[in-house]
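Asker: Take this structure, written in structure tokens, and hold onto it; I'll ask about it next.
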Amino acid sequence: MRQTLEQIYHARTEAGELRPDPAQLAVLAILEPVRNWLETRATEKPKGLTALFRKPPTPPKGLYLWGGVGRGKSMVMDLFFAATDISAKRRVHFHAFMQEIHHAMHEVRKTGADDALAPVAADIASHLRLLAFDEMQITDIADAMLVGRLFDLLLGAGVVIVTTSNRAPQDLYKNGLSRDFFLPFIDILIARLQVAELRSPQDYRQYLLAGVQVYFHPAGTVGNQLNQIWDELTGQAAGAPLVLAVNGRKTTLPRVASGVCFATFWDLCGQPFGPADFLAIAAAVRVLILRDIPQLSSANYNEAKRFVTLIDALYEAKVRLICSAADVPERLYIEGAGSFEFERTASRLREMQGADWGQA
């Protein structure tokens, strides 16, 4: 027998998988009619002469769900997405989706088309009825100039959009370059999607990590703890690479799910990344699980400098860090150029281990 979203939620709370939260239930109540429509009207195909004159059914408004870090936005969206019994659906991280759009437009331009976006949007709409985005955040001017018309085309073609964000619509791309050109997109979001704030008082990521060790050393002795934490925070998601556009370049995170990134020290600090890359990473994820931080010295000076910049970016953005390292923070970098400056980084690494660190 088909269960409502509320019934699915209650079953998971009774099983101990979730903590009951009225704010999350209120959002599921908004999504239930959307789910019902998608499972019935979205797949209707008029037959005979009716098909010639009847307009396709008008879809309901989707949802722009925003709120603080760790309040359960992704979990609520994932519950809705998994429970919606249609095949024409897709869930994707917003940054990854926009990278796909830019690539597809590049291919269309090779054909000499004047309008590269319209055929790309039409192709998406031809095989999707539901598009779910996680972590909508606009940081790139190219995305800002494109996203308004993209959404207008997708919504006009009947695609239902559900998205999560840490920011209210009015705060998207705040202080961004040429933001005036971006403002019509905010109007589209407010007019054509339901906007709801998830006002849960509880940061569930902090709850999951309360009392849990988040800094492991020495790295070589760490067993399966980091994988277990990943499973706890992502619901055992497989994860997928996430490509970020940074100053015309591509910065790739190897494994991301539900705002959580799993990477090795060398994935991030062994690459020629600069401050802009680390700022983009800190903006794109809310938890970073970083494995195998080595002993730092003049022998790996460049990697050590990048690590310092990464920690600064994570610290300022209040991103939760879970890591394995060769030694305790104070003994990670004890000799060579840069060791004195590392004292501040060691202090931040120690502070970031606090159970309540990063809470608003």
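Residues are referred to by chain and number: the chain letter is A, B, ... according to the order shown in the structure tokens, the number counts from 1 in that chain, and ligands are numbered separately from 1 in the order shown.
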Range 55-191 of chain A: which residues are strand (DSSP E or B) by DSSP, as a PDB file with N, CA and C atoms, in the first residue's frame?
Answerer:
```
ATOM      1  N   GLY A  62       6.953  24.095  -7.850  1.00  0.00           N
ATOM      2  CA  GLY A  62       7.925  23.301  -7.120  1.00  0.00           C
ATOM      3  C   GLY A  62       8.242  23.962  -5.785  1.00  0.00           C
ATOM      4  N   LEU A  63       9.456  23.766  -5.300  1.00  0.00           N
ATOM      5  CA  LEU A  63       9.784  24.268  -3.967  1.00  0.00           C
ATOM      6  C   LEU A  63      11.223  24.758  -3.907  1.00  0.00           C
ATOM      7  N   TYR A  64      11.407  25.928  -3.326  1.00  0.00           N
ATOM      8  CA  TYR A  64      12.730  26.445  -2.974  1.00  0.00           C
ATOM      9  C   TYR A  64      12.813  26.357  -1.455  1.00  0.00           C
ATOM     10  N   LEU A  65      13.592  25.401  -0.966  1.00  0.00           N
ATOM     11  CA  LEU A  65      13.681  25.135   0.468  1.00  0.00           C
ATOM     12  C   LEU A  65      15.017  25.645   0.994  1.00  0.00           C
ATOM     13  N   TRP A  66      14.949  26.591   1.913  1.00  0.00           N
ATOM     14  CA  TRP A  66      16.195  27.152   2.424  1.00  0.00           C
ATOM     15  C   TRP A  66      16.200  27.127   3.952  1.00  0.00           C
ATOM     16  N   LYS A  89      12.848  11.620 -13.620  1.00  0.00           N
ATOM     17  CA  LYS A  89      13.276  12.507 -12.553  1.00  0.00           C
ATOM     18  C   LYS A  89      14.788  12.440 -12.422  1.00  0.00           C
ATOM     19  N   ARG A  90      15.350  13.497 -11.856  1.00  0.00           N
ATOM     20  CA  ARG A  90      16.791  13.513 -11.641  1.00  0.00           C
ATOM     21  C   ARG A  90      17.111  14.384 -10.430  1.00  0.00           C
ATOM     22  N   ARG A  91      18.061  13.914  -9.620  1.00  0.00           N
ATOM     23  CA  ARG A  91      18.578  14.700  -8.496  1.00  0.00           C
ATOM     24  C   ARG A  91      20.051  14.956  -8.757  1.00  0.00           C
ATOM     25  N   VAL A  92      20.490  16.203  -8.645  1.00  0.00           N
ATOM     26  CA  VAL A  92      21.864  16.550  -8.989  1.00  0.00           C
ATOM     27  C   VAL A  92      22.297  17.762  -8.162  1.00  0.00           C
ATOM     28  N   HIS A  93      23.579  17.820  -7.845  1.00  0.00           N
ATOM     29  CA  HIS A  93      24.116  18.996  -7.169  1.00  0.00           C
ATOM     30  C   HIS A  93      24.073  20.170  -8.139  1.00  0.00           C
ATOM     31  N   LEU A 130      10.702  15.954 -13.203  1.00  0.00           N
ATOM     32  CA  LEU A 130      11.115  16.443 -11.884  1.00  0.00           C
ATOM     33  C   LEU A 130      12.628  16.622 -11.881  1.00  0.00           C
ATOM     34  N   LEU A 131      13.056  17.807 -11.468  1.00  0.00           N
ATOM     35  CA  LEU A 131      14.479  18.111 -11.364  1.00  0.00           C
ATOM     36  C   LEU A 131      14.736  18.612  -9.947  1.00  0.00           C
ATOM     37  N   ALA A 132      15.557  17.885  -9.206  1.00  0.00           N
ATOM     38  CA  ALA A 132      15.839  18.226  -7.807  1.00  0.00           C
ATOM     39  C   ALA A 132      17.300  18.661  -7.685  1.00  0.00           C
ATOM     40  N   PHE A 133      17.508  19.864  -7.160  1.00  0.00           N
ATOM     41  CA  PHE A 133      18.855  20.403  -6.978  1.00  0.00           C
ATOM     42  C   PHE A 133      19.205  20.435  -5.502  1.00  0.00           C
ATOM     43  N   ASP A 134      20.431  20.079  -5.190  1.00  0.00           N
ATOM     44  CA  ASP A 134      20.920  20.241  -3.827  1.00  0.00           C
ATOM     45  C   ASP A 134      21.918  21.389  -3.794  1.00  0.00           C
ATOM     46  N   VAL A 160       9.019  20.338 -13.099  1.00  0.00           N
ATOM     47  CA  VAL A 160       8.859  20.718 -11.692  1.00  0.00           C
ATOM     48  C   VAL A 160      10.249  20.756 -11.053  1.00  0.00           C
ATOM     49  N   ILE A 161      10.578  21.867 -10.419  1.00  0.00           N
ATOM     50  CA  ILE A 161      11.897  22.042  -9.819  1.00  0.00           C
ATOM     51  C   ILE A 161      11.760  22.118  -8.300  1.00  0.00           C
ATOM     52  N   VAL A 162      12.567  21.325  -7.620  1.00  0.00           N
ATOM     53  CA  VAL A 162      12.675  21.378  -6.154  1.00  0.00           C
ATOM     54  C   VAL A 162      14.148  21.569  -5.833  1.00  0.00           C
ATOM     55  N   THR A 163      14.463  22.536  -4.993  1.00  0.00           N
ATOM     56  CA  THR A 163      15.861  22.828  -4.707  1.00  0.00           C
ATOM     57  C   THR A 163      16.057  23.223  -3.253  1.00  0.00           C
ATOM     58  N   THR A 164      17.249  22.949  -2.746  1.00  0.00           N
ATOM     59  CA  THR A 164      17.609  23.386  -1.399  1.00  0.00           C
ATOM     60  C   THR A 164      18.695  24.447  -1.495  1.00  0.00           C
ATOM     61  N   SER A 165      18.782  25.273  -0.469  1.00  0.00           N
ATOM     62  CA  SER A 165      19.814  26.303  -0.410  1.00  0.00           C
ATOM     63  C   SER A 165      19.994  26.735   1.035  1.00  0.00           C
TER      64      SER A 165
END
```
Asker: Range 279-283 of chain A: which residues within 7 Å, counting only C-alpha atoms, same-chain residues fewer than 5 positions away excluded, as a list in words?
Answerer: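 Surrounding residues, per the criterion: Ala313, Leu314, Ala317 and Val319 of chain A.
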Asker: Residues near range 338-346 of chain A, anyone? I mean within 12 Å using only C-alpha atoms, not counting same-chain ones fewer than 3 positions away, as number ranges by chain.
Answerer: A: 295-315, 325, 327-335, 349-353
Asker: Let's see if you can do this: from backbone DSSP, list all alpha helix (DSSP H) residues in range 34-272 of chain A, as a VMD selection string.
Answerer: chain A and resid 34 to 40 50 to 53 73 to 83 94 to 109 117 to 127 141 to 156 183 to 192 204 to 209 225 to 234 265 to 269
Asker: Calculate how many Å separate CA of His103 in chain A from CA of Asp180 in chain A, rounding to one decimal.
Answerer: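 Distance reported for this atom pair: 25.4 Å.
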Asker: Could you tell me how far CA of Leu321 in chain A lies from CA of Gln225 in chain A, in Å and to one decimal?
Answerer: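 If I compute the distance from CA of Leu321 in chain A to CA of Gln225 in chain A, I get 14.0 Å.
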Asker: Give me the residues near Asn166 in chain A as a PyMOL selection string, where near means some atom within 12 Å (using only C-alpha atoms) and where sequence neighbours in that chain fewer than 3 positions away do not count.
Answerer: chain A and resi 64-74+134-138+163+169-173+196-199+259+283-286
Asker: Using C-alpha atoms, can you write the selected residues to a file as an mmCIF file, in the first residue's frame?
Answerer:
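Result file follows (selection20.cif):
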```cif
data_model
loop_
_atom_site.group_PDB
_atom_site.id
_atom_site.type_symbol
_atom_site.label_atom_id
_atom_site.label_comp_id
_atom_site.auth_asym_id
_atom_site.auth_seq_id
_atom_site.Cartn_x
_atom_site.Cartn_y
_atom_site.Cartn_z
ATOM 1 C CA TYR A 64 12.730 26.445 -2.974
ATOM 2 C CA LEU A 65 13.681 25.135 0.468
ATOM 3 C CA TRP A 66 16.195 27.152 2.424
ATOM 4 C CA GLY A 67 17.537 27.253 5.961
ATOM 5 C CA GLY A 68 20.585 26.884 8.140
ATOM 6 C CA VAL A 69 23.255 24.251 7.772
ATOM 7 C CA GLY A 70 22.366 20.773 9.020
ATOM 8 C CA ARG A 71 18.627 21.355 9.434
ATOM 9 C CA GLY A 72 17.648 18.409 7.249
ATOM 10 C CA LYS A 73 16.901 20.134 3.931
ATOM 11 C CA SER A 74 18.681 17.533 1.807
ATOM 12 C CA ASP A 134 20.920 20.241 -3.827
ATOM 13 C CA GLU A 135 22.828 23.249 -2.457
ATOM 14 C CA MET A 136 21.790 25.997 -4.857
ATOM 15 C CA GLN A 137 24.351 28.740 -4.533
ATOM 16 C CA ILE A 138 25.424 31.177 -7.224
ATOM 17 C CA THR A 163 15.861 22.828 -4.707
ATOM 18 C CA PRO A 169 16.210 33.742 -2.533
ATOM 19 C CA GLN A 170 16.862 37.441 -1.944
ATOM 20 C CA ASP A 171 20.382 36.650 -0.689
ATOM 21 C CA LEU A 172 21.523 34.576 -3.666
ATOM 22 C CA TYR A 173 24.596 35.994 -5.409
ATOM 23 C CA ALA A 196 9.794 27.734 2.448
ATOM 24 C CA GLU A 197 12.300 28.125 5.234
ATOM 25 C CA LEU A 198 13.144 25.019 7.241
ATOM 26 C CA ARG A 199 13.235 26.575 10.694
ATOM 27 C CA GLY A 259 26.810 18.651 1.051
ATOM 28 C CA ALA A 283 31.127 27.510 -0.392
ATOM 29 C CA ALA A 284 30.073 24.257 -2.062
ATOM 30 C CA VAL A 285 30.217 21.829 0.887
ATOM 31 C CA ARG A 286 29.234 21.934 4.538
#
```
Asker: Pick from A:Asp143, A:Asp267, A:Asp187, A:Glu17: nearest to Gly248 in chain A, with only C-alpha atoms counted?
Answerer: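 Of all the options, A:Asp143 lies closest to Gly248 in chain A.
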Asker: Near range 148-158 of chain A, counting only C-alpha atoms, which residues have an atom at most 10 Å away, once you skip same-chain residues fewer than 5 positions from it, shown as a PyMOL selection string?
Answerer: chain A and resi 42+56-62+98+101+117-126+128-131+143+181-189+192-193
Asker: Work out how far apart CA of Pro218 in chain A and CA of Asp231 in chain A are and give it in Å to one decimal.
Answerer: 22.0 Å
